[in-house]
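**Student:** What follows is target.cif, mmCIF, C-alpha atoms.
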```cif
data_model
loop_
_atom_site.label_atom_id
_atom_site.label_comp_id
_atom_site.auth_asym_id
_atom_site.auth_seq_id
_atom_site.Cartn_x
_atom_site.Cartn_y
_atom_site.Cartn_z
CA MET R 10 101.46 115.00 71.48
CA ARG R 11 105.15 114.44 70.85
CA VAL R 12 107.28 111.56 72.03
CA ALA R 13 111.01 112.31 72.18
CA TRP R 14 113.68 109.66 72.46
CA LYS R 15 116.57 110.17 74.87
CA HIS R 16 119.48 107.76 74.69
CA PHE R 17 120.23 105.96 77.93
CA PRO R 18 122.48 102.95 77.38
CA LEU R 19 123.09 101.22 80.70
CA ASP R 20 126.72 100.66 81.76
CA PHE R 21 126.41 96.92 82.05
CA HIS R 22 124.72 96.44 78.65
CA ALA R 23 127.73 95.63 76.49
CA LYS R 24 125.78 95.69 73.24
CA ALA R 25 123.99 98.92 73.98
CA PRO R 26 126.52 101.51 72.79
CA LEU R 27 126.61 100.18 69.23
CA ALA R 28 122.81 99.92 69.12
CA HIS R 29 122.50 103.56 70.11
CA LEU R 30 125.11 104.62 67.58
CA ALA R 31 123.24 102.68 64.89
CA SER R 32 119.98 104.39 65.81
CA ALA R 33 121.73 107.75 65.70
CA ALA R 34 123.06 106.88 62.27
CA ALA R 35 119.52 106.08 61.14
CA ASN R 36 118.31 109.32 62.69
CA GLU R 37 120.83 111.18 60.57
CA GLN R 38 118.87 109.97 57.56
CA GLY R 39 115.49 110.66 59.12
CA LYS R 40 114.62 107.06 59.88
CA PHE R 41 115.10 106.86 63.62
CA TRP R 42 111.73 105.41 64.61
CA PRO R 43 111.52 102.72 61.94
CA PHE R 44 115.05 101.69 62.91
CA HIS R 45 114.09 101.79 66.59
CA ASP R 46 111.11 99.54 65.86
CA LYS R 47 113.33 97.08 64.01
CA ILE R 48 115.67 96.79 66.97
CA PHE R 49 112.83 96.32 69.46
CA GLY R 50 111.29 93.81 67.10
CA ASN R 51 114.24 91.52 67.67
CA GLN R 52 116.29 92.48 70.71
CA ALA R 53 118.22 89.24 70.60
CA LYS R 54 119.97 90.43 67.45
CA LEU R 55 122.16 93.32 68.46
CA ASP R 56 125.18 93.32 66.17
CA LYS R 57 126.68 95.39 63.40
CA ASP R 58 125.63 93.10 60.58
CA THR R 59 122.04 93.19 61.74
CA TYR R 60 122.10 96.97 61.84
CA LEU R 61 123.51 97.12 58.32
CA GLN R 62 120.71 94.84 57.21
CA TYR R 63 118.12 97.08 58.86
CA ALA R 64 119.66 100.09 57.11
CA LYS R 65 119.34 98.27 53.84
CA ASP R 66 115.76 97.23 54.59
CA LEU R 67 114.83 100.79 55.37
CA GLY R 68 116.33 102.11 52.17
CA LEU R 69 119.06 104.08 53.89
CA ASP R 70 122.33 105.10 52.30
CA VAL R 71 124.18 102.12 53.72
CA LYS R 72 127.60 103.54 53.05
CA ARG R 73 126.79 106.72 54.92
CA PHE R 74 125.15 104.69 57.65
CA GLU R 75 128.17 102.42 58.05
CA ASP R 76 130.49 105.40 58.06
CA ALA R 77 128.49 106.97 60.86
CA LEU R 78 128.76 103.72 62.79
CA ASN R 79 132.49 103.33 62.27
CA THR R 80 133.25 106.90 63.28
CA ALA R 81 130.76 106.86 66.15
CA ARG R 82 129.24 110.09 64.87
CA GLY R 83 126.33 109.96 67.28
CA LYS R 84 128.50 109.57 70.36
CA ALA R 85 128.38 113.21 71.48
CA ALA R 86 124.60 113.35 71.38
CA ILE R 87 124.30 110.00 73.15
CA ASP R 88 126.75 111.04 75.87
CA ALA R 89 124.84 114.29 76.34
CA ASP R 90 121.60 112.38 76.86
CA VAL R 91 123.25 110.08 79.37
CA ALA R 92 124.68 113.02 81.27
CA GLU R 93 121.26 114.67 81.31
CA ALA R 94 119.64 111.48 82.57
CA LYS R 95 122.10 111.26 85.42
CA SER R 96 121.62 114.90 86.35
CA LEU R 97 117.87 114.26 86.49
CA GLY R 98 118.46 111.33 88.82
CA VAL R 99 117.36 108.70 86.34
CA THR R 100 118.87 105.35 87.25
CA GLY R 101 116.95 102.79 85.24
CA THR R 102 115.13 102.42 81.97
CA PRO R 103 112.69 103.18 80.66
CA ALA R 104 112.16 106.52 82.37
CA PHE R 105 109.45 108.86 81.13
CA PHE R 106 108.85 112.55 81.68
CA VAL R 107 105.40 113.75 80.72
CA ASN R 108 105.78 117.53 80.35
CA GLY R 109 108.62 117.23 82.81
CA LYS R 110 106.83 115.03 85.32
CA PHE R 111 108.60 111.76 86.02
CA LEU R 112 106.95 108.39 85.43
CA SER R 113 109.15 105.41 86.13
CA GLY R 114 109.37 102.02 84.60
CA ALA R 115 107.26 100.31 82.08
CA LYS R 116 103.84 101.42 83.21
CA PRO R 117 100.51 100.19 81.96
CA PHE R 118 99.00 102.46 79.36
CA ALA R 119 96.28 103.60 81.74
CA GLU R 120 98.89 105.30 83.91
CA PHE R 121 100.21 107.22 80.95
CA ALA R 122 96.72 108.22 80.00
CA THR R 123 96.16 109.46 83.53
CA ALA R 124 99.35 111.50 83.46
CA ILE R 125 98.59 112.93 80.04
CA ASN R 126 95.02 113.77 80.97
CA ALA R 127 96.26 115.49 84.10
CA GLU R 128 98.50 117.66 81.97
CA LEU R 129 95.72 118.42 79.52
CA THR R 130 93.54 119.45 82.43
CA ARG R 131 96.27 121.63 83.84
CA LEU R 132 96.72 123.27 80.44
CA LYS R 133 92.94 123.65 80.18
CA LEU R 134 92.80 121.54 77.05
CA PRO R 135 89.99 119.14 76.26
CA ILE R 136 90.56 115.49 76.96
CA PRO R 137 89.52 113.33 74.01
CA ALA R 138 86.65 111.01 74.88
CA ALA R 139 88.70 107.95 73.94
CA ALA R 140 91.47 109.09 76.29
CA GLN R 141 89.02 109.44 79.16
CA GLN R 142 87.97 105.86 78.71
CA THR R 143 91.62 104.78 78.49
CA ALA R 144 92.54 106.48 81.72
CA ALA R 145 89.71 104.57 83.33
CA GLY R 146 91.38 101.37 82.19
CA GLY R 147 89.81 100.67 78.83
CA ALA R 148 91.67 99.45 75.74
CA PRO R 149 94.38 101.81 74.48
CA ALA R 150 93.16 104.33 71.94
CA ALA R 151 94.91 104.54 68.56
CA GLY R 152 96.76 107.74 67.66
CA GLY R 153 96.91 110.75 69.99
CA MET U 27 75.01 62.24 194.48
CA ALA U 28 72.82 65.25 194.76
CA ARG U 29 69.94 65.61 197.01
CA ARG U 30 66.68 66.90 195.57
CA ARG U 31 64.41 69.24 197.42
CA ASP U 32 61.98 66.47 198.18
CA GLY U 33 64.77 64.47 199.70
CA THR U 34 65.25 61.89 197.01
CA GLU U 35 68.66 61.33 195.59
CA GLY U 36 69.41 62.18 192.05
CA PRO U 37 72.33 62.00 189.88
CA ALA U 38 75.28 63.93 190.99
CA MET U 39 75.32 67.33 189.49
CA ARG U 40 78.45 69.05 188.56
CA PRO U 41 78.88 72.20 190.44
CA SER U 42 78.14 75.16 188.11
CA GLY U 43 80.98 77.59 187.75
CA THR U 44 84.56 76.36 187.75
CA GLY U 45 84.77 73.36 185.21
CA ALA U 46 82.56 74.76 182.43
CA GLY U 47 84.07 78.16 183.01
CA TRP U 48 87.57 76.92 182.27
CA GLN U 49 86.42 75.32 179.08
CA GLN U 50 84.63 78.44 178.03
CA PHE U 51 87.64 80.50 178.91
CA LEU U 52 89.97 78.30 176.92
CA THR U 53 87.61 78.32 173.95
CA LEU U 54 87.48 82.06 174.13
CA VAL U 55 91.26 82.28 174.31
CA GLY U 56 91.53 79.90 171.38
CA LEU U 57 89.08 81.94 169.38
CA ALA U 58 90.88 85.12 170.24
CA ALA U 59 94.17 83.61 169.17
CA VAL U 60 92.71 82.47 165.89
CA LEU U 61 91.17 85.87 165.39
CA PHE U 62 94.43 87.57 166.21
CA VAL U 63 96.41 85.41 163.79
CA GLY U 64 93.74 85.91 161.18
CA ILE U 65 93.81 89.67 161.51
CA GLN U 66 97.55 89.71 161.44
CA ASN U 67 97.56 87.58 158.30
CA TRP U 68 95.10 89.84 156.64
CA TYR U 69 97.15 92.88 157.59
CA GLU U 70 100.40 91.36 156.34
CA THR U 71 98.76 90.23 153.12
CA ARG U 72 97.45 93.70 152.51
CA LYS U 73 100.92 95.12 153.04
CA LEU U 74 102.42 92.61 150.63
CA GLN U 75 99.77 93.32 148.06
CA THR U 76 100.42 97.02 148.21
CA ALA U 77 104.17 96.46 148.00
CA PHE U 78 103.83 94.11 145.03
CA GLY U 79 101.38 96.43 143.39
CA GLU U 80 103.84 99.26 143.59
CA ARG U 81 106.67 97.10 142.30
CA PHE U 82 104.64 95.80 139.40
CA GLY U 83 103.57 99.31 138.56
CA ALA U 84 107.19 100.45 138.50
CA VAL U 85 108.29 97.48 136.39
CA ASP U 86 105.38 98.02 134.03
CA ASN U 87 106.32 101.64 133.49
CA ARG U 88 109.89 100.68 132.84
CA LEU U 89 108.85 98.05 130.31
CA THR U 90 106.68 100.55 128.48
CA GLN U 91 109.58 103.00 128.35
CA LEU U 92 111.92 100.34 127.03
CA ALA U 93 109.39 99.14 124.47
CA THR U 94 109.02 102.67 123.15
CA LYS U 95 112.78 103.02 122.89
CA VAL U 96 113.13 99.74 121.03
CA ASP U 97 110.35 100.69 118.65
CA GLN U 98 111.98 104.00 117.88
CA ALA U 99 115.36 102.42 117.29
CA ALA U 100 113.86 99.73 115.07
CA ARG U 101 112.01 102.21 112.91
CA PRO U 102 113.84 102.15 109.56
CA ALA U 103 115.49 105.33 108.44
CA ALA U 104 113.58 107.14 105.70
CA PRO U 105 114.50 105.29 102.49
CA ALA U 106 117.00 107.10 100.33
CA GLN U 107 115.29 108.84 97.43
CA ARG U 108 115.65 106.66 94.35
CA GLY U 109 115.19 108.26 91.01
CA PRO U 110 113.68 111.61 90.12
CA ASP U 111 111.06 113.20 92.33
CA PRO U 112 107.66 112.34 90.83
CA ASN U 113 106.21 115.54 92.29
CA LYS U 114 108.72 117.81 90.59
CA VAL U 115 108.52 119.31 87.11
CA TYR U 116 111.86 118.86 85.37
CA GLN U 117 113.20 120.54 82.26
CA VAL U 118 114.14 117.85 79.75
CA ARG U 119 115.88 118.94 76.52
CA THR U 120 113.96 117.45 73.61
CA ASP U 121 114.62 119.95 70.81
CA ASN U 122 117.15 117.73 69.07
CA ALA U 123 115.83 114.42 70.27
CA PRO U 124 114.45 112.01 67.66
CA SER U 125 110.75 112.66 67.94
CA GLU U 126 107.43 111.33 66.79
CA GLY U 127 104.72 113.96 66.52
CA PRO U 128 104.66 117.71 65.95
CA LYS U 129 107.58 119.70 67.30
CA ILE U 130 105.24 122.02 69.15
CA ALA U 131 102.74 119.98 71.11
CA PRO U 132 100.92 120.51 74.41
CA ILE U 133 102.12 117.15 75.65
CA VAL U 134 105.76 116.18 75.25
CA ILE U 135 106.84 112.81 76.55
CA ALA U 136 110.58 112.34 76.91
CA GLU U 137 111.61 108.70 77.06
CA PHE U 138 115.01 107.72 78.40
CA SER U 139 115.56 104.23 77.13
CA ASP U 140 118.10 101.61 76.25
CA PHE U 141 117.94 99.24 73.31
CA GLN U 142 119.34 96.22 75.03
#
```
Kindly present the structure from the file in C-alpha coordinates form.
**Tutor:**
Amino acid sequence: MRVAWKHFPLDFHAKAPLAHLASAAANEQGKFWPFHDKIFGNQAKLDKDTYLQYAKDLGLDVKRFEDALNTARGKAAIDADVAEAKSLGVTGTPAFFVNGKFLSGAKPFAEFATAINAELTRLKLPIPAAAQQTAAGGAPAAGG
Amino acid sequence: MARRRDGTEGPAMRPSGTGAGWQQFLTLVGLAAVLFVGIQNWYETRKLQTAFGERFGAVDNRLTQLATKVDQAARPAAPAQRGPDPNKVYQVRTDNAPSEGPKIAPIVIAEFSDFQ
(Lines of atoms letter the chains of each structure in order from A and count residues from 1; the text may use other names and numbers.)
(Lines give C-alpha, C1' and ligand atoms only; values in the text may rest on other atoms or scores of the structure.)
Protein backbone atom coordinates (compact mmCIF):
# COMPACT_ATOMS: atom_id res chain seq x y z
CA MET A 1 0.00 0.00 0.00
CA ARG A 2 1.23 3.49 -0.79
CA VAL A 3 0.10 6.74 0.75
CA ALA A 4 0.73 9.82 -1.39
CA TRP A 5 0.60 13.36 -0.09
CA LYS A 6 -1.14 16.04 -2.14
CA HIS A 7 -0.74 19.64 -1.06
CA PHE A 8 -3.99 21.43 -0.36
CA PRO A 9 -3.43 24.64 1.60
CA LEU A 10 -6.78 26.29 2.27
CA ASP A 11 -7.21 29.93 1.17
CA PHE A 12 -8.04 31.23 4.61
CA HIS A 13 -5.12 29.50 6.35
CA ALA A 14 -2.56 32.30 6.35
CA LYS A 15 0.25 30.14 7.68
CA ALA A 16 -0.38 27.27 5.31
CA PRO A 17 1.59 28.35 2.23
CA LEU A 18 4.91 28.57 4.10
CA ALA A 19 4.28 25.24 5.82
CA HIS A 20 3.73 23.56 2.46
CA LEU A 21 6.82 25.19 1.00
CA ALA A 22 8.84 23.99 4.00
CA SER A 23 7.56 20.45 3.54
CA ALA A 24 8.44 20.63 -0.16
CA ALA A 25 11.91 21.79 0.79
CA ALA A 26 12.24 18.79 3.10
CA ASN A 27 10.93 16.54 0.34
CA GLU A 28 13.71 17.81 -1.90
CA GLN A 29 16.12 16.18 0.54
CA GLY A 30 14.07 13.03 0.92
CA LYS A 31 12.69 13.81 4.35
CA PHE A 32 9.11 14.77 3.62
CA TRP A 33 7.33 12.43 6.03
CA PRO A 34 9.53 13.04 9.06
CA PHE A 35 9.11 16.77 8.44
CA HIS A 36 5.36 16.28 8.00
CA ASP A 37 5.23 14.43 11.32
CA LYS A 38 7.12 17.24 13.04
CA ILE A 39 4.63 19.82 11.82
CA PHE A 40 1.62 17.74 12.85
CA GLY A 41 3.30 17.11 16.17
CA ASN A 42 2.98 20.78 16.99
CA GLN A 43 0.53 22.59 14.74
CA ALA A 44 0.57 25.66 16.93
CA LYS A 45 4.11 26.38 15.80
CA LEU A 46 3.93 27.29 12.15
CA ASP A 47 6.71 29.75 11.44
CA LYS A 48 9.96 29.93 9.53
CA ASP A 49 12.21 29.60 12.55
CA THR A 50 10.42 26.44 13.63
CA TYR A 51 10.84 24.95 10.18
CA LEU A 52 14.55 25.76 10.18
CA GLN A 53 14.81 24.04 13.54
CA TYR A 54 13.02 20.97 12.20
CA ALA A 55 15.40 20.92 9.24
CA LYS A 56 18.28 21.00 11.64
CA ASP A 57 16.75 18.28 13.81
CA LEU A 58 16.29 16.06 10.81
CA GLY A 59 19.87 16.50 9.67
CA LEU A 60 18.96 18.35 6.50
CA ASP A 61 21.25 20.71 4.62
CA VAL A 62 19.81 23.77 6.33
CA LYS A 63 21.28 26.20 3.85
CA ARG A 64 19.73 24.37 0.93
CA PHE A 65 16.50 24.04 2.87
CA GLU A 66 16.38 27.76 3.66
CA ASP A 67 17.19 28.63 0.08
CA ALA A 68 14.30 26.50 -1.11
CA LEU A 69 12.04 28.31 1.33
CA ASN A 70 13.19 31.78 0.35
CA THR A 71 12.82 31.11 -3.36
CA ALA A 72 9.56 29.21 -2.93
CA ARG A 73 10.94 26.35 -5.00
CA GLY A 74 8.04 24.06 -4.23
CA LYS A 75 5.40 26.54 -5.32
CA ALA A 76 4.77 25.06 -8.77
CA ALA A 77 4.18 21.58 -7.42
CA ILE A 78 1.95 22.89 -4.63
CA ASP A 79 -0.10 24.99 -7.05
CA ALA A 80 -0.49 21.98 -9.33
CA ASP A 81 -1.84 19.90 -6.46
CA VAL A 82 -4.29 22.63 -5.51
CA ALA A 83 -5.49 22.93 -9.09
CA GLU A 84 -5.94 19.17 -9.26
CA ALA A 85 -7.88 19.17 -6.01
CA LYS A 86 -10.24 21.81 -7.32
CA SER A 87 -10.75 19.98 -10.59
CA LEU A 88 -11.66 16.87 -8.61
CA GLY A 89 -14.21 18.89 -6.65
CA VAL A 90 -12.35 18.70 -3.36
CA THR A 91 -13.40 21.54 -1.11
CA GLY A 92 -12.14 20.62 2.34
CA THR A 93 -9.34 18.75 4.02
CA PRO A 94 -8.42 16.08 4.53
CA ALA A 95 -9.73 14.42 1.38
CA PHE A 96 -8.73 10.87 0.57
CA PHE A 97 -8.88 8.87 -2.63
CA VAL A 98 -8.43 5.14 -2.20
CA ASN A 99 -7.50 3.89 -5.68
CA GLY A 100 -9.41 6.87 -6.99
CA LYS A 101 -12.48 6.45 -4.81
CA PHE A 102 -13.26 9.47 -2.67
CA LEU A 103 -13.44 9.30 1.11
CA SER A 104 -14.10 12.60 2.81
CA GLY A 105 -13.02 14.02 6.09
CA ALA A 106 -11.19 12.53 8.94
CA LYS A 107 -12.77 9.11 9.03
CA PRO A 108 -12.33 6.46 11.67
CA PHE A 109 -9.78 3.86 10.72
CA ALA A 110 -12.45 1.21 10.27
CA GLU A 111 -13.87 3.12 7.31
CA PHE A 112 -10.48 3.18 5.65
CA ALA A 113 -10.07 -0.50 6.28
CA THR A 114 -13.45 -1.10 4.68
CA ALA A 115 -12.51 0.93 1.63
CA ILE A 116 -9.14 -0.75 1.31
CA ASN A 117 -10.60 -4.21 1.74
CA ALA A 118 -13.19 -3.44 -0.90
CA GLU A 119 -10.41 -2.55 -3.30
CA LEU A 120 -8.44 -5.66 -2.43
CA THR A 121 -11.54 -7.72 -3.09
CA ARG A 122 -12.13 -5.99 -6.39
CA LEU A 123 -8.51 -6.66 -7.37
CA LYS A 124 -8.91 -10.25 -6.21
CA LEU A 125 -6.17 -9.87 -3.65
CA PRO A 126 -6.23 -11.52 -0.24
CA ILE A 127 -7.30 -9.42 2.70
CA PRO A 128 -4.90 -9.81 5.62
CA ALA A 129 -6.59 -11.34 8.65
CA ALA A 130 -5.70 -8.34 10.80
CA ALA A 131 -7.32 -6.03 8.24
CA GLN A 132 -10.52 -8.06 8.31
CA GLN A 133 -10.75 -7.58 12.04
CA THR A 134 -10.00 -3.87 11.65
CA ALA A 135 -12.75 -3.36 9.12
CA ALA A 136 -15.09 -4.95 11.62
CA GLY A 137 -14.10 -2.24 14.09
CA GLY A 138 -11.21 -3.77 15.98
CA ALA A 139 -8.02 -1.95 16.97
CA PRO A 140 -5.98 -0.61 14.04
CA ALA A 141 -3.40 -3.05 12.74
CA ALA A 142 0.25 -1.95 12.53
CA GLY A 143 1.89 -1.70 9.11
CA GLY A 144 0.04 -2.54 5.89
CA MET B 1 -131.64 12.15 33.70
CA ALA B 2 -131.92 8.97 31.77
CA ARG B 3 -134.61 6.47 32.12
CA ARG B 4 -133.63 2.83 32.49
CA ARG B 5 -135.54 0.03 30.90
CA ASP B 6 -137.11 -0.93 34.19
CA GLY B 7 -138.33 2.59 34.61
CA THR B 8 -135.96 3.77 37.28
CA GLU B 9 -134.02 6.92 36.75
CA GLY B 10 -130.32 6.83 36.38
CA PRO B 11 -127.69 9.29 35.84
CA ALA B 12 -127.97 11.29 32.75
CA MET B 13 -126.05 9.75 29.96
CA ARG B 14 -124.34 11.77 27.39
CA PRO B 15 -125.67 11.07 24.02
CA SER B 16 -123.15 8.92 22.08
CA GLY B 17 -121.96 10.44 18.87
CA THR B 18 -121.45 14.18 18.59
CA GLY B 19 -119.34 15.31 21.72
CA ALA B 20 -116.85 12.41 21.85
CA GLY B 21 -116.69 12.44 18.09
CA TRP B 22 -115.48 16.03 18.00
CA GLN B 23 -112.80 15.28 20.51
CA GLN B 24 -111.70 12.26 18.60
CA PHE B 25 -111.72 14.23 15.41
CA LEU B 26 -109.65 17.01 16.88
CA THR B 27 -107.19 14.52 18.35
CA LEU B 28 -106.89 12.88 15.00
CA VAL B 29 -106.34 16.23 13.30
CA GLY B 30 -103.75 17.12 15.92
CA LEU B 31 -101.99 13.83 15.42
CA ALA B 32 -102.08 14.24 11.69
CA ALA B 33 -100.62 17.71 11.99
CA VAL B 34 -97.85 16.48 14.22
CA LEU B 35 -97.20 13.64 11.85
CA PHE B 36 -97.16 15.97 8.90
CA VAL B 37 -94.73 18.37 10.55
CA GLY B 38 -92.61 15.45 11.64
CA ILE B 39 -92.43 14.00 8.17
CA GLN B 40 -91.66 17.35 6.70
CA ASN B 41 -88.89 17.87 9.23
CA TRP B 42 -87.42 14.53 8.46
CA TYR B 43 -87.57 15.24 4.75
CA GLU B 44 -85.94 18.65 5.11
CA THR B 45 -83.26 17.27 7.39
CA ARG B 46 -82.46 14.58 4.88
CA LYS B 47 -82.14 17.19 2.16
CA LEU B 48 -79.85 19.30 4.32
CA GLN B 49 -77.74 16.31 5.21
CA THR B 50 -77.28 15.40 1.59
CA ALA B 51 -76.46 18.99 0.69
CA PHE B 52 -73.94 19.31 3.52
CA GLY B 53 -72.49 15.94 2.70
CA GLU B 54 -71.85 17.03 -0.84
CA ARG B 55 -70.36 20.33 0.26
CA PHE B 56 -68.08 18.69 2.79
CA GLY B 57 -66.99 16.17 0.20
CA ALA B 58 -66.12 18.97 -2.21
CA VAL B 59 -64.25 20.94 0.45
CA ASP B 60 -62.42 17.81 1.55
CA ASN B 61 -61.24 17.10 -1.97
CA ARG B 62 -60.07 20.66 -2.36
CA LEU B 63 -58.14 20.51 0.91
CA THR B 64 -56.44 17.30 -0.15
CA GLN B 65 -55.45 18.90 -3.45
CA LEU B 66 -54.08 21.95 -1.69
CA ALA B 67 -52.22 19.87 0.87
CA THR B 68 -50.53 17.92 -1.92
CA LYS B 69 -49.54 21.14 -3.63
CA VAL B 70 -48.09 22.59 -0.45
CA ASP B 71 -46.17 19.42 0.24
CA GLN B 72 -44.68 19.44 -3.23
CA ALA B 73 -43.68 23.07 -2.99
CA ALA B 74 -42.15 22.57 0.44
CA ARG B 75 -40.07 19.62 -0.65
CA PRO B 76 -36.48 20.91 -0.64
CA ALA B 77 -34.66 20.96 -3.94
CA ALA B 78 -32.11 18.17 -4.29
CA PRO B 79 -29.06 19.39 -2.35
CA ALA B 80 -26.25 20.65 -4.52
CA GLN B 81 -23.51 18.05 -4.86
CA ARG B 82 -20.73 18.92 -2.43
CA GLY B 83 -17.36 17.46 -3.05
CA PRO B 84 -16.33 14.60 -5.31
CA ASP B 85 -18.76 11.84 -6.16
CA PRO B 86 -18.04 8.95 -3.78
CA ASN B 87 -19.31 6.49 -6.40
CA LYS B 88 -16.89 7.62 -9.08
CA VAL B 89 -13.33 6.42 -9.67
CA TYR B 90 -11.08 9.42 -10.20
CA GLN B 91 -7.58 9.58 -11.63
CA VAL B 92 -5.32 11.25 -9.08
CA ARG B 93 -1.71 11.99 -10.10
CA THR B 94 0.57 10.53 -7.45
CA ASP B 95 3.75 9.77 -9.41
CA ASN B 96 5.62 12.77 -8.04
CA ALA B 97 3.77 13.08 -4.78
CA PRO B 98 5.74 12.52 -1.57
CA SER B 99 4.86 8.94 -0.78
CA GLU B 100 5.19 6.36 1.93
CA GLY B 101 5.30 2.80 0.65
CA PRO B 102 6.34 1.12 -2.60
CA LYS B 103 5.83 3.10 -5.78
CA ILE B 104 3.90 0.25 -7.33
CA ALA B 105 1.25 -0.94 -4.91
CA PRO B 106 -2.23 -2.42 -5.33
CA ILE B 107 -3.65 0.19 -3.01
CA VAL B 108 -2.71 3.83 -3.46
CA ILE B 109 -4.22 6.35 -1.09
CA ALA B 110 -3.94 9.97 -2.18
CA GLU B 111 -4.38 12.42 0.67
CA PHE B 112 -5.19 16.05 -0.02
CA SER B 113 -4.31 17.83 3.17
CA ASP B 114 -3.33 21.11 4.72
CA PHE B 115 -0.80 21.60 7.49
CA GLN B 116 -2.61 24.31 9.34
**Student:** Evaluated on this file, the PyMOL selection byres ((chain R and resi 29) around 9) picks out some residues - which ones are they, written as a short mmCIF file (atom, residue, chain, number, x, y, z; two decimals) with C-alpha atoms, in the coordinates of the input?
**Tutor:**
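Result went into selection10.cif, see below:
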```
data_model
loop_
_atom_site.label_atom_id
_atom_site.label_comp_id
_atom_site.auth_asym_id
_atom_site.auth_seq_id
_atom_site.Cartn_x
_atom_site.Cartn_y
_atom_site.Cartn_z
CA HIS R 16 119.48 107.76 74.69
CA PHE R 17 120.23 105.96 77.93
CA PRO R 18 122.48 102.95 77.38
CA ALA R 25 123.99 98.92 73.98
CA PRO R 26 126.52 101.51 72.79
CA LEU R 27 126.61 100.18 69.23
CA ALA R 28 122.81 99.92 69.12
CA LEU R 30 125.11 104.62 67.58
CA ALA R 31 123.24 102.68 64.89
CA SER R 32 119.98 104.39 65.81
CA ALA R 33 121.73 107.75 65.70
CA ALA R 34 123.06 106.88 62.27
CA GLY R 83 126.33 109.96 67.28
CA LYS R 84 128.50 109.57 70.36
CA ILE R 87 124.30 110.00 73.15
CA ASP U 140 118.10 101.61 76.25
CA PHE U 141 117.94 99.24 73.31
#
```
**Student:** Just how far from CA of Glu37 in chain R is CA of Asp56 in chain R, in Å to one decimal?
**Tutor:** 19.2 Å
**Student:** Enumerate, in order of chain and increasing residue number, the residues of chain R with an atom no farther than 8 Å from chain U, each with its shortest atom pair and distance in Å to one decimal, counting all atoms listed in the file, as CSV.
**Tutor:**
```
residue,atom,partner,partner_atom,distance
R:Met10,CA,U:Ile133,CA,4.7
R:Arg11,CA,U:Gly127,CA,4.4
R:Val12,CA,U:Ile135,CA,4.7
R:Ala13,CA,U:Ser125,CA,4.3
R:Trp14,CA,U:Glu137,CA,5.1
R:Lys15,CA,U:Phe138,CA,4.6
R:His16,CA,U:Phe138,CA,5.8
R:Phe17,CA,U:Ser139,CA,5.0
R:Pro18,CA,U:Asp140,CA,4.7
R:Leu19,CA,U:Asp140,CA,6.7
R:His22,CA,U:Gln142,CA,6.5
R:Lys24,CA,U:Gln142,CA,6.7
R:Ala25,CA,U:Gln142,CA,5.5
R:Ala28,CA,U:Phe141,CA,6.5
R:His29,CA,U:Phe141,CA,7.0
R:Asn36,CA,U:Pro124,CA,6.8
R:Phe41,CA,U:Pro124,CA,6.6
R:Trp42,CA,U:Glu126,CA,7.6
R:Ile48,CA,U:Phe141,CA,7.2
R:Phe49,CA,U:Phe141,CA,7.0
R:Gln52,CA,U:Gln142,CA,6.5
R:Leu55,CA,U:Gln142,CA,7.7
R:Glu93,CA,U:Val118,CA,8.0
R:Ala94,CA,U:Phe138,CA,7.3
R:Leu97,CA,U:Pro110,CA,6.1
R:Gly98,CA,U:Pro110,CA,5.0
R:Val99,CA,U:Gly109,CA,5.2
R:Thr100,CA,U:Gly109,CA,6.0
R:Thr102,CA,U:Ser139,CA,5.2
R:Pro103,CA,U:Ser139,CA,4.7
R:Ala104,CA,U:Phe138,CA,5.0
R:Phe105,CA,U:Glu137,CA,4.6
R:Phe106,CA,U:Ala136,CA,5.1
R:Val107,CA,U:Ile135,CA,4.5
R:Asn108,CA,U:Val134,CA,5.3
R:Gly109,CA,U:Tyr116,CA,4.4
R:Lys110,CA,U:Val115,CA,4.9
R:Phe111,CA,U:Pro112,CA,4.9
R:Leu112,CA,U:Pro112,CA,6.7
R:Ile125,CA,U:Ile133,CA,7.0
R:Glu128,CA,U:Ile133,CA,7.3
R:Leu129,CA,U:Pro132,CA,7.6
R:Leu132,CA,U:Pro132,CA,7.8
```
**Student:** Using CA of Gly39 in chain R and CA of Ala23 in chain R as the two end points, give the distance in Å to one decimal.
**Tutor:**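 Interatomic distance, CA of Gly39 in chain R to CA of Ala23 in chain R: 26.0 Å.
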**Student:** Measure the distance from CA of Lys57 in chain R to CA of Leu78 in chain R in Å and round it to one decimal.
**Tutor:** 8.6 Å
**Student:** When distances are computed from all atoms listed in the file, which of R:Ala35, R:Ala53, R:Ala115, R:Ala124 shows the smallest separation from Asp66 in chain R?
**Tutor:**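 Closest residue, counting all atoms listed in the file: R:Ala35.
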